[in-house]
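Colleague: You'll find my_file-v4.cif just under this line, and it carries mmCIF, C-alpha atoms and all ligand atoms.
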```cif
data_run
#
loop_
_atom_site.label_atom_id
_atom_site.label_comp_id
_atom_site.auth_asym_id
_atom_site.auth_seq_id
_atom_site.Cartn_x
_atom_site.Cartn_y
_atom_site.Cartn_z
CA MET A 13 109.93 116.13 117.07
CA ARG A 14 111.84 114.42 119.91
CA PRO A 15 109.78 113.50 122.98
CA ALA A 16 110.47 115.80 125.92
CA VAL A 17 110.54 114.86 129.59
CA LEU A 18 110.59 117.18 132.59
CA ILE A 19 112.06 115.80 135.83
CA THR A 20 110.70 117.77 138.77
CA ASP A 21 112.31 116.04 141.78
CA PRO A 22 115.87 114.87 142.55
CA LEU A 23 116.59 111.73 140.54
CA HIS A 24 119.60 109.43 140.31
CA PRO A 25 121.50 110.28 137.07
CA SER A 26 121.12 106.77 135.58
CA GLY A 27 117.58 107.44 134.38
CA VAL A 28 118.45 110.86 132.97
CA GLU A 29 121.33 109.35 131.00
CA ALA A 30 119.17 106.47 129.70
CA LEU A 31 116.56 108.90 128.39
CA ARG A 32 119.07 111.26 126.79
CA SER A 33 121.01 108.49 125.10
CA ALA A 34 117.73 107.19 123.65
CA GLY A 35 117.19 110.56 121.99
CA VAL A 36 114.74 112.07 124.47
CA LYS A 37 115.00 115.76 125.37
CA VAL A 38 115.32 115.92 129.16
CA ASP A 39 115.00 118.99 131.36
CA TYR A 40 116.15 118.29 134.91
CA ARG A 41 114.57 120.84 137.25
CA PRO A 42 114.32 119.28 140.72
CA GLY A 43 112.37 121.47 143.13
CA ILE A 44 110.63 123.48 140.39
CA PRO A 45 107.94 125.62 142.10
CA HIS A 46 104.29 124.77 141.44
CA GLU A 47 103.60 128.03 139.55
CA GLU A 48 106.54 127.48 137.20
CA LEU A 49 105.54 123.88 136.62
CA LEU A 50 102.06 125.10 135.67
CA ALA A 51 103.58 127.49 133.17
CA VAL A 52 105.85 124.95 131.44
CA VAL A 53 104.16 121.55 131.77
CA GLY A 54 102.45 121.90 128.38
CA ARG A 55 105.86 121.72 126.67
CA TYR A 56 106.47 118.13 127.76
CA ASP A 57 105.26 114.67 126.78
CA ALA A 58 105.98 113.26 130.22
CA LEU A 59 106.92 114.15 133.78
CA ILE A 60 109.10 112.14 136.12
CA VAL A 61 108.38 112.91 139.77
CA ARG A 62 109.18 111.49 143.16
CA GLY A 63 107.13 112.21 146.30
CA ARG A 64 107.54 116.01 146.47
CA THR A 65 105.81 117.23 143.32
CA LYS A 66 102.03 117.34 143.61
CA VAL A 67 100.67 116.38 140.21
CA THR A 68 97.28 117.98 140.70
CA ARG A 69 94.34 118.24 138.31
CA GLU A 70 95.44 121.83 137.64
CA ILE A 71 98.90 120.64 136.54
CA LEU A 72 97.46 117.86 134.40
CA GLU A 73 95.01 120.26 132.76
CA ALA A 74 97.81 122.73 132.09
CA GLY A 75 99.60 119.92 130.24
CA ARG A 76 96.54 119.12 128.11
CA GLY A 77 97.36 118.74 124.42
CA ARG A 78 100.86 117.39 124.97
CA LEU A 79 101.33 115.69 128.36
CA ARG A 80 100.83 111.92 127.88
CA ALA A 81 102.47 110.29 130.91
CA VAL A 82 103.56 110.83 134.50
CA CYS A 83 106.07 108.47 136.03
CA ARG A 84 106.62 108.28 139.79
CA ALA A 85 110.14 106.99 140.43
CA GLY A 86 109.14 105.15 143.61
CA VAL A 87 106.18 103.34 145.11
CA GLY A 88 103.20 105.43 146.24
CA LEU A 89 101.01 107.45 143.90
CA ASP A 90 99.31 109.59 146.51
CA ASN A 91 100.90 112.78 145.11
CA ILE A 92 99.29 112.21 141.70
CA ASP A 93 95.60 112.92 141.03
CA LEU A 94 94.84 109.52 139.49
CA GLY A 95 91.21 110.38 138.73
CA ALA A 96 92.20 113.47 136.77
CA ALA A 97 94.98 111.56 135.01
CA LYS A 98 92.50 108.91 133.89
CA ALA A 99 89.97 111.48 132.72
CA LEU A 100 92.63 113.36 130.76
CA ARG A 101 94.11 110.10 129.37
CA VAL A 102 97.49 110.65 130.98
CA ARG A 103 99.20 107.31 131.70
CA VAL A 104 100.66 106.91 135.20
CA PHE A 105 103.59 104.61 135.99
CA ASN A 106 105.57 103.86 139.10
CA THR A 107 108.46 101.58 140.03
CA PRO A 108 107.46 99.50 143.07
CA GLU A 109 109.87 96.70 142.16
CA ALA A 110 112.88 98.99 142.69
CA SER A 111 112.76 98.89 146.49
CA THR A 112 112.17 95.17 147.14
CA GLU A 113 115.70 94.32 148.25
CA ALA A 114 116.11 97.50 150.30
CA VAL A 115 112.89 96.99 152.27
CA ALA A 116 113.51 93.26 152.78
CA GLU A 117 117.01 93.93 154.12
CA LEU A 118 115.73 96.68 156.43
CA THR A 119 113.10 94.27 157.76
CA VAL A 120 115.77 91.72 158.64
CA ALA A 121 118.00 94.44 160.10
CA LEU A 122 115.13 95.51 162.38
CA MET A 123 114.47 91.90 163.37
CA LEU A 124 118.11 91.43 164.39
CA SER A 125 118.15 94.82 166.14
CA LEU A 126 115.24 93.69 168.31
CA ALA A 127 116.64 90.21 168.93
CA ARG A 128 119.96 91.58 170.21
CA ARG A 129 118.74 95.01 171.39
CA LEU A 130 121.38 96.70 169.30
CA PRO A 131 120.05 100.29 169.56
CA TYR A 132 120.05 100.01 173.37
CA ALA A 133 123.49 98.39 173.42
CA ASP A 134 124.94 101.15 171.27
CA ARG A 135 123.28 103.91 173.30
CA SER A 136 124.59 102.48 176.57
CA MET A 137 128.14 102.40 175.18
CA LYS A 138 127.87 106.02 174.07
CA GLU A 139 126.72 106.91 177.58
CA GLY A 140 129.89 105.30 178.91
CA ARG A 141 128.06 102.31 180.42
CA TRP A 142 128.97 98.62 180.12
CA ALA A 143 125.43 97.14 180.10
CA LYS A 144 126.38 93.58 179.24
CA LYS A 145 124.22 91.99 181.96
CA GLU A 146 121.09 93.83 180.74
CA LEU A 147 121.63 92.67 177.19
CA MET A 148 120.46 89.09 177.04
CA GLY A 149 119.12 88.59 173.52
CA PHE A 150 117.62 85.69 171.59
CA GLU A 151 118.44 83.92 168.34
CA LEU A 152 116.31 83.99 165.22
CA LYS A 153 117.20 80.41 164.31
CA GLY A 154 114.29 78.10 165.06
CA LYS A 155 111.81 80.93 165.64
CA THR A 156 108.54 81.08 163.69
CA LEU A 157 108.25 84.07 161.40
CA GLY A 158 104.78 85.08 160.19
CA ILE A 159 104.86 87.06 156.94
CA VAL A 160 101.63 88.93 156.24
CA GLY A 161 101.52 89.83 152.53
CA PHE A 162 103.62 87.45 150.47
CA GLY A 163 104.42 89.55 147.40
CA ARG A 164 107.79 90.86 146.24
CA ILE A 165 109.06 92.04 149.63
CA GLY A 166 107.44 89.30 151.72
CA GLN A 167 108.99 86.61 149.53
CA ARG A 168 112.44 88.20 149.67
CA VAL A 169 112.19 88.39 153.48
CA ALA A 170 111.33 84.68 153.42
CA GLU A 171 114.43 83.92 151.34
CA ILE A 172 116.75 85.76 153.73
CA CYS A 173 115.10 84.41 156.88
CA SER A 174 115.09 80.83 155.65
CA ALA A 175 118.90 81.15 155.48
CA LEU A 176 118.80 82.17 159.15
CA GLY A 177 117.02 78.91 160.00
CA MET A 178 113.63 80.43 160.75
CA ARG A 179 110.38 78.52 160.29
CA ILE A 180 108.27 80.59 157.92
CA LEU A 181 104.50 80.97 157.69
CA ALA A 182 103.02 83.24 155.04
CA TYR A 183 99.58 84.69 154.52
CA ARG A 184 98.33 86.51 151.46
CA ARG A 185 94.99 87.32 149.95
CA THR A 186 95.37 85.21 146.83
CA ARG A 187 97.43 82.21 145.80
CA PRO A 188 98.97 83.17 142.46
CA LEU A 189 100.48 80.78 139.95
CA GLY A 190 104.19 80.21 140.45
CA ILE A 191 104.12 80.57 144.24
CA GLU A 192 105.05 76.86 144.71
CA GLU A 193 108.62 77.50 143.59
CA VAL A 194 109.27 80.18 146.23
CA LEU A 195 107.51 78.11 148.89
CA ALA A 196 109.73 75.13 148.08
CA ARG A 197 112.89 77.26 148.00
CA THR A 198 112.24 79.00 151.32
CA GLY A 199 110.42 76.17 153.09
CA ALA A 200 107.62 78.68 153.79
CA ARG A 201 104.11 77.35 154.40
CA LEU A 202 101.12 79.32 153.16
CA VAL A 203 98.45 79.39 155.88
CA GLY A 204 94.73 79.60 155.26
CA SER A 205 93.93 82.52 157.54
CA LEU A 206 95.50 85.53 159.20
CA GLU A 207 94.39 84.12 162.56
CA GLU A 208 96.35 80.90 162.01
CA LEU A 209 99.50 82.93 161.34
CA LEU A 210 99.00 85.31 164.28
CA ARG A 211 98.48 82.46 166.74
CA ALA A 212 101.60 80.55 165.64
CA ALA A 213 104.25 83.22 164.98
CA ASP A 214 106.95 84.45 167.36
CA ILE A 215 107.72 87.35 165.04
CA ILE A 216 105.18 88.90 162.65
CA THR A 217 106.21 91.12 159.76
CA LEU A 218 103.78 93.09 157.59
CA HIS A 219 104.18 93.47 153.81
CA VAL A 220 100.74 94.37 152.50
CA PRO A 221 99.77 97.55 150.65
CA LEU A 222 97.53 100.04 152.41
CA THR A 223 94.03 99.55 151.02
CA PRO A 224 90.55 99.86 152.52
CA GLN A 225 90.82 96.11 153.30
CA THR A 226 94.20 96.33 155.03
CA ARG A 227 93.61 99.57 157.01
CA HIS A 228 93.95 98.59 160.69
CA MET A 229 94.15 94.91 159.72
CA ILE A 230 96.25 94.56 162.90
CA GLY A 231 94.08 95.91 165.73
CA GLU A 232 93.10 94.94 169.25
CA ARG A 233 91.41 91.69 168.14
CA GLU A 234 94.38 90.53 166.06
CA ILE A 235 96.91 91.48 168.77
CA ALA A 236 94.89 89.42 171.26
CA MET A 237 95.41 86.40 168.97
CA MET A 238 99.20 86.79 169.02
CA LYS A 239 101.45 84.83 171.39
CA GLU A 240 102.33 86.48 174.70
CA GLY A 241 105.60 88.31 174.11
CA ALA A 242 105.38 88.22 170.30
CA ILE A 243 107.24 90.78 168.21
CA LEU A 244 105.72 92.90 165.43
CA ILE A 245 107.59 94.53 162.55
CA ASN A 246 106.04 96.98 160.12
CA THR A 247 107.89 98.24 157.06
CA SER A 248 104.75 98.44 154.88
CA ARG A 249 102.44 101.36 155.71
CA GLY A 250 101.52 102.92 159.05
CA GLY A 251 97.77 102.65 158.55
CA VAL A 252 97.91 98.86 158.42
CA ILE A 253 98.22 98.86 162.24
CA ASP A 254 95.81 100.42 164.72
CA GLU A 255 98.52 102.37 166.56
CA GLU A 256 96.48 102.93 169.72
CA ALA A 257 95.98 99.17 170.07
CA LEU A 258 99.67 98.51 169.43
CA TYR A 259 100.69 101.16 171.97
CA ARG A 260 98.57 99.54 174.66
CA ALA A 261 99.89 96.05 173.84
CA LEU A 262 103.49 97.26 174.11
CA VAL A 263 102.94 99.16 177.36
CA GLU A 264 100.99 96.31 178.97
CA GLY A 265 103.52 93.68 177.87
CA LYS A 266 101.26 91.60 175.62
CA LEU A 267 103.82 92.22 172.90
CA ALA A 268 107.50 92.19 173.83
CA ALA A 269 108.65 94.68 171.21
CA ALA A 270 108.01 96.23 167.82
CA ALA A 271 110.04 97.70 165.00
CA LEU A 272 108.38 100.39 162.91
CA ASP A 273 109.62 102.12 159.78
CA VAL A 274 106.22 103.57 158.91
CA PHE A 275 103.61 105.50 160.87
CA GLU A 276 100.04 106.67 160.45
CA GLU A 277 101.40 110.21 160.71
CA GLU A 278 104.76 111.00 159.15
CA PRO A 279 106.76 112.64 160.61
CA PRO A 280 105.16 111.05 163.68
CA ARG A 281 102.89 113.05 165.98
CA GLY A 282 100.37 111.97 168.60
CA THR A 283 100.12 108.19 168.97
CA SER A 284 102.68 107.62 166.21
CA LEU A 285 105.24 109.64 168.18
CA LYS A 286 104.35 107.97 171.49
CA LEU A 287 104.96 104.62 169.85
CA ALA A 288 108.29 105.65 168.33
CA GLN A 289 109.47 106.79 171.75
CA LEU A 290 108.66 103.59 173.66
CA PRO A 291 111.76 101.81 174.99
CA ASN A 292 110.63 98.49 173.47
CA VAL A 293 110.22 99.98 169.99
CA VAL A 294 112.93 100.41 167.38
CA ALA A 295 111.79 103.20 165.10
CA THR A 296 113.18 104.42 161.77
CA PRO A 297 111.94 107.37 159.68
CA HIS A 298 110.47 105.55 156.65
CA ILE A 299 113.87 104.56 155.27
CA GLY A 300 112.76 101.33 153.59
CA ALA A 301 113.72 102.44 150.09
CA GLN A 302 116.61 104.66 151.15
CA THR A 303 119.51 102.80 149.60
CA VAL A 304 121.77 103.93 146.79
CA GLU A 305 120.80 100.83 144.82
CA ALA A 306 117.03 101.30 145.23
CA GLN A 307 117.28 104.95 144.16
CA GLU A 308 119.39 104.03 141.14
CA THR A 309 117.00 101.25 140.14
CA ALA A 310 113.93 103.48 140.55
CA SER A 311 115.51 106.08 138.26
CA ARG A 312 116.55 103.51 135.63
CA LEU A 313 113.17 101.76 135.67
CA ALA A 314 111.30 105.06 135.40
CA ALA A 315 113.32 105.89 132.27
CA GLN A 316 112.84 102.38 130.89
CA LYS A 317 109.06 102.48 131.37
CA LEU A 318 108.80 105.88 129.72
CA LEU A 319 110.94 104.78 126.76
CA GLU A 320 108.74 101.76 126.25
CA PHE A 321 105.66 103.99 126.47
CA PHE A 322 107.09 106.48 123.94
CA ARG A 323 107.82 103.63 121.54
CA SER A 324 104.39 102.07 121.91
CA GLU A 325 102.81 105.47 121.26
CA GLY A 326 105.03 106.10 118.24
CA LEU A 327 106.74 109.08 119.90
CA LEU A 328 110.14 107.44 119.67
CA ARG A 329 111.49 105.47 116.74
CA ALA A 330 113.03 102.14 117.66
CA SER A 331 116.05 102.92 115.42
CA ILE A 332 117.42 105.71 117.64
CA ASP A 333 117.03 103.76 120.89
CA PRO A 334 120.06 102.03 122.40
CA PRO A 335 119.71 98.50 123.81
CA GLN A 336 117.79 98.48 127.08
CA THR A 337 119.22 97.45 130.44
CA SER A 338 116.48 94.89 131.07
CA ASN A 339 114.96 92.53 128.52
CA LYS A 340 111.76 92.08 130.51
CA SER A 341 108.63 93.45 128.87
CA LEU A 342 107.12 96.21 130.93
CA LYS A 343 103.90 96.37 128.98
CA SER A 344 101.89 94.28 131.38
CA ARG A 345 102.96 96.16 134.51
CA ARG A 346 100.20 98.38 135.78
CA PRO A 347 100.70 101.35 138.06
CA ARG A 348 100.02 100.64 141.73
CA THR A 349 97.30 102.69 143.33
CA GLU A 350 98.01 102.69 147.06
CA ARG A 351 97.53 106.03 148.70
CA HIS A 352 100.69 106.63 150.75
CA SER A 353 104.14 107.49 149.47
P1 LIG A 401 103.34 93.33 146.45
O1 LIG A 401 102.15 93.88 145.72
O2 LIG A 401 104.35 92.59 145.67
O3 LIG A 401 102.83 92.38 147.63
C1 LIG A 401 101.74 92.73 148.45
C2 LIG A 401 101.17 91.45 149.04
O4 LIG A 401 100.10 91.79 149.92
C3 LIG A 401 100.60 90.47 148.01
O5 LIG A 401 101.02 89.17 148.35
C4 LIG A 401 99.08 90.58 148.21
O6 LIG A 401 98.40 89.36 147.90
C5 LIG A 401 99.04 90.86 149.68
N1 LIG A 401 97.78 91.48 150.11
C6 LIG A 401 97.16 92.56 149.60
N2 LIG A 401 96.01 92.79 150.27
C7 LIG A 401 95.92 91.84 151.22
C8 LIG A 401 94.99 91.54 152.22
N3 LIG A 401 93.87 92.29 152.37
N4 LIG A 401 95.21 90.48 153.02
C9 LIG A 401 96.32 89.73 152.88
N5 LIG A 401 97.27 89.96 151.95
C10 LIG A 401 97.06 91.00 151.13
O7 LIG A 401 103.99 94.56 147.21
P2 LIG A 401 105.52 94.67 147.75
O8 LIG A 401 106.38 95.24 146.68
O9 LIG A 401 105.89 93.41 148.40
O10 LIG A 401 105.34 95.83 148.83
C11 LIG A 401 104.57 95.63 150.02
C12 LIG A 401 104.35 96.98 150.66
O11 LIG A 401 105.59 97.47 151.19
C13 LIG A 401 103.95 98.07 149.68
O12 LIG A 401 102.63 98.02 149.35
C14 LIG A 401 104.32 99.33 150.43
O13 LIG A 401 103.21 99.70 151.19
C15 LIG A 401 105.46 98.87 151.32
N6 LIG A 401 106.73 99.53 150.98
C16 LIG A 401 107.34 100.22 151.97
C17 LIG A 401 108.54 100.88 151.73
C18 LIG A 401 109.25 101.62 152.83
O14 LIG A 401 109.94 102.58 152.54
N7 LIG A 401 109.12 101.20 154.08
C19 LIG A 401 109.09 100.86 150.45
C20 LIG A 401 108.46 100.12 149.46
C21 LIG A 401 107.26 99.46 149.73
#
```
Can the structure from this file be put into structure tokens for me?
Modeller:
Amino acid sequence: MRPAVLITDPLHPSGVEALRSAGVKVDYRPGIPHEELLAVVGRYDALIVRGRTKVTREILEAGRGRLRAVCRAGVGLDNIDLGAAKALRVRVFNTPEASTEAVAELTVALMLSLARRLPYADRSMKEGRWAKKELMGFELKGKTLGIVGFGRIGQRVAEICSALGMRILAYRRTRPLGIEEVLARTGARLVGSLEELLRAADIITLHVPLTPQTRHMIGEREIAMMKEGAILINTSRGGVIDEEALYRALVEGKLAAAALDVFEEEPPRGTSLKLAQLPNVVATPHIGAQTVEAQETASRLAAQKLLEFFRSEGLLRASIDPPQTSNKSLKSRRPRTERHS
């Protein structure tokens, strides 16, 4: 019997095509209501979801006997009951590597927007004003950039910003093998503590996952360590910053400006909304991964990971599979377990 996959959220066609051409039966039903999903999930070996579908214990139990894997085309796994999946031996995958370029480019776009006050400049033009005299910016060249979290996205930001002539400091929890090459290529220096980075950087950008250790890792104490007039950018997760502390620092002028793509509450309410509405904040509605390329890659990688899983489980014979788009082994990649989408 051919393996069967149900896709329950909108997905770029590349992944659907990859699965079908490998001999997998694919039902594409984006937006399927919860009750219907409950009724049909037991007919599938795997689900592909994005952020909308809630893969609850009830859904996983309804799939018992056949459902072997759930793949989130995207980063966060907060819509999947990971405990239930583990108990029911349902493998969970995601595709965090798909959005690296998109998030890194957004980070640099936000940095440039703040440096040249582009949102304000554009708004003033639309209002029929010629605000040239108000729009004195600064250059990124020669500034010190502090990158907190030096993984996929942090390293890509370093690559782009080294080309802009920035001096780069990076801080991460561990020093993995192979980091020397990227440090040499970007000229980035790994610092020994978060405090060292915060005290030295003109611009600080956050690229850590949201975990119990990183929740509010930037609070009143850390902001006090930053330079007067420093700039903070967050394209990681809202909870990494204590938003009340950031709001005060922006209103009181300790920090010159901030750019935020992510908020503790999304869509923003309360303090998150107050922050987004400050004149010295550039805010975007969690668009880090919203590029055509990132969506296409997430879809293709989701299909690729499922195909590899089906093969390893003997659900798919190697002979009917076409050549894969990537020759990298995916076996060692574990699902990421951060809690926000
Ligand atoms: P990654 O796992 O490759 O890198 C994370 C880095 O954070 C690693 O260097 C790790 O050592 C470091 N880190 C973890 N805990 C730490 C701690 N307590 N102190 C210091 N460093 C710590 O992840 P990535 O692909 O670079 O993504 C980074 C984050 O970006 C994601 O976790 C996600 O939250 C966010 N993201 C946002 C969007 C968006 O739409 N804005 C899209 C994709 C990812």
Colleague: Using all atoms listed in the file, find the one residue out of A:Ala175, A:Leu118, A:Ala133, A:Leu328 that sits nearest to ligand LIG 401 (chain A).
Modeller: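 With all atoms listed in the file as the atom set, the closest residue is A:Leu118.
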Colleague: So that each row is one residue of chain A with an atom at most 7 Å from ligand LIG 401 (chain A), can you give its shortest atom pair and the distance in Å to one decimal, using only C-alpha atoms and all ligand atoms, rows by chain and rising number, as a tab-separated table?
Modeller:
```
residue	atom	partner	partner_atom	distance
A:Val87	CA	A:LIG401	C20	5.9
A:Pro108	CA	A:LIG401	O8	5.7
A:Glu109	CA	A:LIG401	O8	5.9
A:Ser111	CA	A:LIG401	C20	5.4
A:Thr112	CA	A:LIG401	O8	5.8
A:Val115	CA	A:LIG401	C19	5.7
A:Val160	CA	A:LIG401	N5	6.2
A:Gly161	CA	A:LIG401	O4	3.6
A:Phe162	CA	A:LIG401	O5	3.8
A:Gly163	CA	A:LIG401	O3	3.3
A:Arg164	CA	A:LIG401	O9	3.8
A:Ile165	CA	A:LIG401	O9	3.7
A:Gly166	CA	A:LIG401	O9	5.5
A:Tyr183	CA	A:LIG401	C9	6.2
A:Arg184	CA	A:LIG401	N5	3.6
A:Arg185	CA	A:LIG401	C9	4.0
A:Thr186	CA	A:LIG401	O6	5.2
A:His219	CA	A:LIG401	C11	4.4
A:Val220	CA	A:LIG401	O4	3.7
A:Pro221	CA	A:LIG401	O12	3.2
A:Leu222	CA	A:LIG401	O13	5.8
A:Gln225	CA	A:LIG401	N3	5.0
A:Thr226	CA	A:LIG401	N3	4.8
A:Thr247	CA	A:LIG401	N7	4.4
A:Ser248	CA	A:LIG401	C15	3.7
A:Arg249	CA	A:LIG401	O13	4.9
A:Asp273	CA	A:LIG401	N7	5.8
A:Val274	CA	A:LIG401	N7	6.1
A:His298	CA	A:LIG401	O14	5.1
A:Ile299	CA	A:LIG401	O14	5.2
A:Gly300	CA	A:LIG401	O14	3.3
A:Ala301	CA	A:LIG401	O14	4.5
A:Glu350	CA	A:LIG401	O12	7.0
```
Colleague: Work out how far apart atom CA of A:Arg32 and atom CA of A:Val67 are and give it in Å to one decimal.
Modeller: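 Answer for the atom CA of A:Arg32 to atom CA of A:Val67 separation: 23.3 Å.
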Colleague: Work out how far apart atom CA of A:Val263 and atom CA of A:Met148 are and give it in Å to one decimal.
Modeller: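 So the answer is 20.2 Å.
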Colleague: I'd like the neighbourhood of A:Glu276 as a list in words, where a residue qualifies if any of its atoms comes within 9 Å (using only C-alpha atoms), though same-chain residues fewer than 6 positions away should be ignored.
Modeller: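 Counting only the stated atoms, we get Arg249, Gly250, Gly251, Val252, Ile253, Asp254, Glu255, Thr283 and Ser284 of chain A.
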Colleague: Between A:Leu195, A:Glu208, A:Val17, A:Tyr259, single out the one closest to A:Gly282, counting all atoms listed in the file.
Modeller: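 Smallest separation from A:Gly282 among the options: A:Tyr259.
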Colleague: May I ask which of the residues A:Ala315, A:Ile180, A:Leu267, A:Ala196 is the closest one to A:Glu29, counting all atoms listed in the file?
Modeller: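 Once distances to A:Glu29 are computed over all atoms listed in the file, the minimum belongs to A:Ala315.
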Colleague: Have stretch 284-300 of chain A completed to N, CA, C and O atoms, please, and pass it along as a PDB file, in the coordinates of the input.
Modeller:
```
ATOM      1  N   SER A 284     101.519 108.090 166.978  1.00  0.00           N
ATOM      2  CA  SER A 284     102.680 107.620 166.210  1.00  0.00           C
ATOM      3  C   SER A 284     103.966 107.968 166.940  1.00  0.00           C
ATOM      4  O   SER A 284     104.885 107.145 167.056  1.00  0.00           O
ATOM      5  N   LEU A 285     104.028 109.192 167.483  1.00  0.00           N
ATOM      6  CA  LEU A 285     105.240 109.640 168.180  1.00  0.00           C
ATOM      7  C   LEU A 285     105.413 108.894 169.511  1.00  0.00           C
ATOM      8  O   LEU A 285     106.520 108.477 169.866  1.00  0.00           O
ATOM      9  N   LYS A 286     104.291 108.717 170.207  1.00  0.00           N
ATOM     10  CA  LYS A 286     104.350 107.970 171.490  1.00  0.00           C
ATOM     11  C   LYS A 286     104.914 106.574 171.260  1.00  0.00           C
ATOM     12  O   LYS A 286     105.727 106.078 172.035  1.00  0.00           O
ATOM     13  N   LEU A 287     104.475 105.964 170.185  1.00  0.00           N
ATOM     14  CA  LEU A 287     104.960 104.620 169.850  1.00  0.00           C
ATOM     15  C   LEU A 287     106.459 104.631 169.563  1.00  0.00           C
ATOM     16  O   LEU A 287     107.212 103.815 170.089  1.00  0.00           O
ATOM     17  N   ALA A 288     106.870 105.584 168.729  1.00  0.00           N
ATOM     18  CA  ALA A 288     108.290 105.650 168.330  1.00  0.00           C
ATOM     19  C   ALA A 288     109.188 105.847 169.540  1.00  0.00           C
ATOM     20  O   ALA A 288     110.348 105.432 169.532  1.00  0.00           O
ATOM     21  N   GLN A 289     108.645 106.475 170.586  1.00  0.00           N
ATOM     22  CA  GLN A 289     109.470 106.790 171.750  1.00  0.00           C
ATOM     23  C   GLN A 289     109.457 105.722 172.837  1.00  0.00           C
ATOM     24  O   GLN A 289     110.168 105.836 173.824  1.00  0.00           O
ATOM     25  N   LEU A 290     108.677 104.663 172.659  1.00  0.00           N
ATOM     26  CA  LEU A 290     108.660 103.590 173.660  1.00  0.00           C
ATOM     27  C   LEU A 290     110.015 102.879 173.706  1.00  0.00           C
ATOM     28  O   LEU A 290     110.640 102.662 172.663  1.00  0.00           O
ATOM     29  N   PRO A 291     110.450 102.482 174.902  1.00  0.00           N
ATOM     30  CA  PRO A 291     111.760 101.810 174.990  1.00  0.00           C
ATOM     31  C   PRO A 291     111.791 100.450 174.292  1.00  0.00           C
ATOM     32  O   PRO A 291     112.858 100.004 173.880  1.00  0.00           O
ATOM     33  N   ASN A 292     110.624  99.790 174.146  1.00  0.00           N
ATOM     34  CA  ASN A 292     110.630  98.490 173.470  1.00  0.00           C
ATOM     35  C   ASN A 292     110.249  98.592 171.983  1.00  0.00           C
ATOM     36  O   ASN A 292     109.797  97.630 171.369  1.00  0.00           O
ATOM     37  N   VAL A 293     110.445  99.791 171.427  1.00  0.00           N
ATOM     38  CA  VAL A 293     110.220  99.980 169.990  1.00  0.00           C
ATOM     39  C   VAL A 293     111.504 100.481 169.338  1.00  0.00           C
ATOM     40  O   VAL A 293     112.159 101.384 169.854  1.00  0.00           O
ATOM     41  N   VAL A 294     111.866  99.854 168.226  1.00  0.00           N
ATOM     42  CA  VAL A 294     112.930 100.410 167.380  1.00  0.00           C
ATOM     43  C   VAL A 294     112.220 101.124 166.240  1.00  0.00           C
ATOM     44  O   VAL A 294     111.402 100.520 165.538  1.00  0.00           O
ATOM     45  N   ALA A 295     112.499 102.413 166.102  1.00  0.00           N
ATOM     46  CA  ALA A 295     111.790 103.200 165.100  1.00  0.00           C
ATOM     47  C   ALA A 295     112.778 103.789 164.090  1.00  0.00           C
ATOM     48  O   ALA A 295     113.875 104.212 164.454  1.00  0.00           O
ATOM     49  N   THR A 296     112.375 103.784 162.824  1.00  0.00           N
ATOM     50  CA  THR A 296     113.180 104.420 161.770  1.00  0.00           C
ATOM     51  C   THR A 296     112.257 105.312 160.935  1.00  0.00           C
ATOM     52  O   THR A 296     111.064 105.019 160.811  1.00  0.00           O
ATOM     53  N   PRO A 297     112.798 106.395 160.383  1.00  0.00           N
ATOM     54  CA  PRO A 297     111.940 107.370 159.680  1.00  0.00           C
ATOM     55  C   PRO A 297     111.665 107.020 158.215  1.00  0.00           C
ATOM     56  O   PRO A 297     112.139 107.688 157.308  1.00  0.00           O
ATOM     57  N   HIS A 298     110.880 105.969 158.000  1.00  0.00           N
ATOM     58  CA  HIS A 298     110.470 105.550 156.650  1.00  0.00           C
ATOM     59  C   HIS A 298     111.669 105.478 155.682  1.00  0.00           C
ATOM     60  O   HIS A 298     111.691 106.135 154.648  1.00  0.00           O
ATOM     61  N   ILE A 299     112.639 104.650 156.072  1.00  0.00           N
ATOM     62  CA  ILE A 299     113.870 104.560 155.270  1.00  0.00           C
ATOM     63  C   ILE A 299     113.919 103.287 154.425  1.00  0.00           C
ATOM     64  O   ILE A 299     114.973 102.937 153.880  1.00  0.00           O
ATOM     65  N   GLY A 300     112.769 102.609 154.307  1.00  0.00           N
ATOM     66  CA  GLY A 300     112.760 101.330 153.590  1.00  0.00           C
ATOM     67  C   GLY A 300     113.456 101.364 152.240  1.00  0.00           C
ATOM     68  O   GLY A 300     114.229 100.472 151.902  1.00  0.00           O
TER      69      GLY A 300
END
```
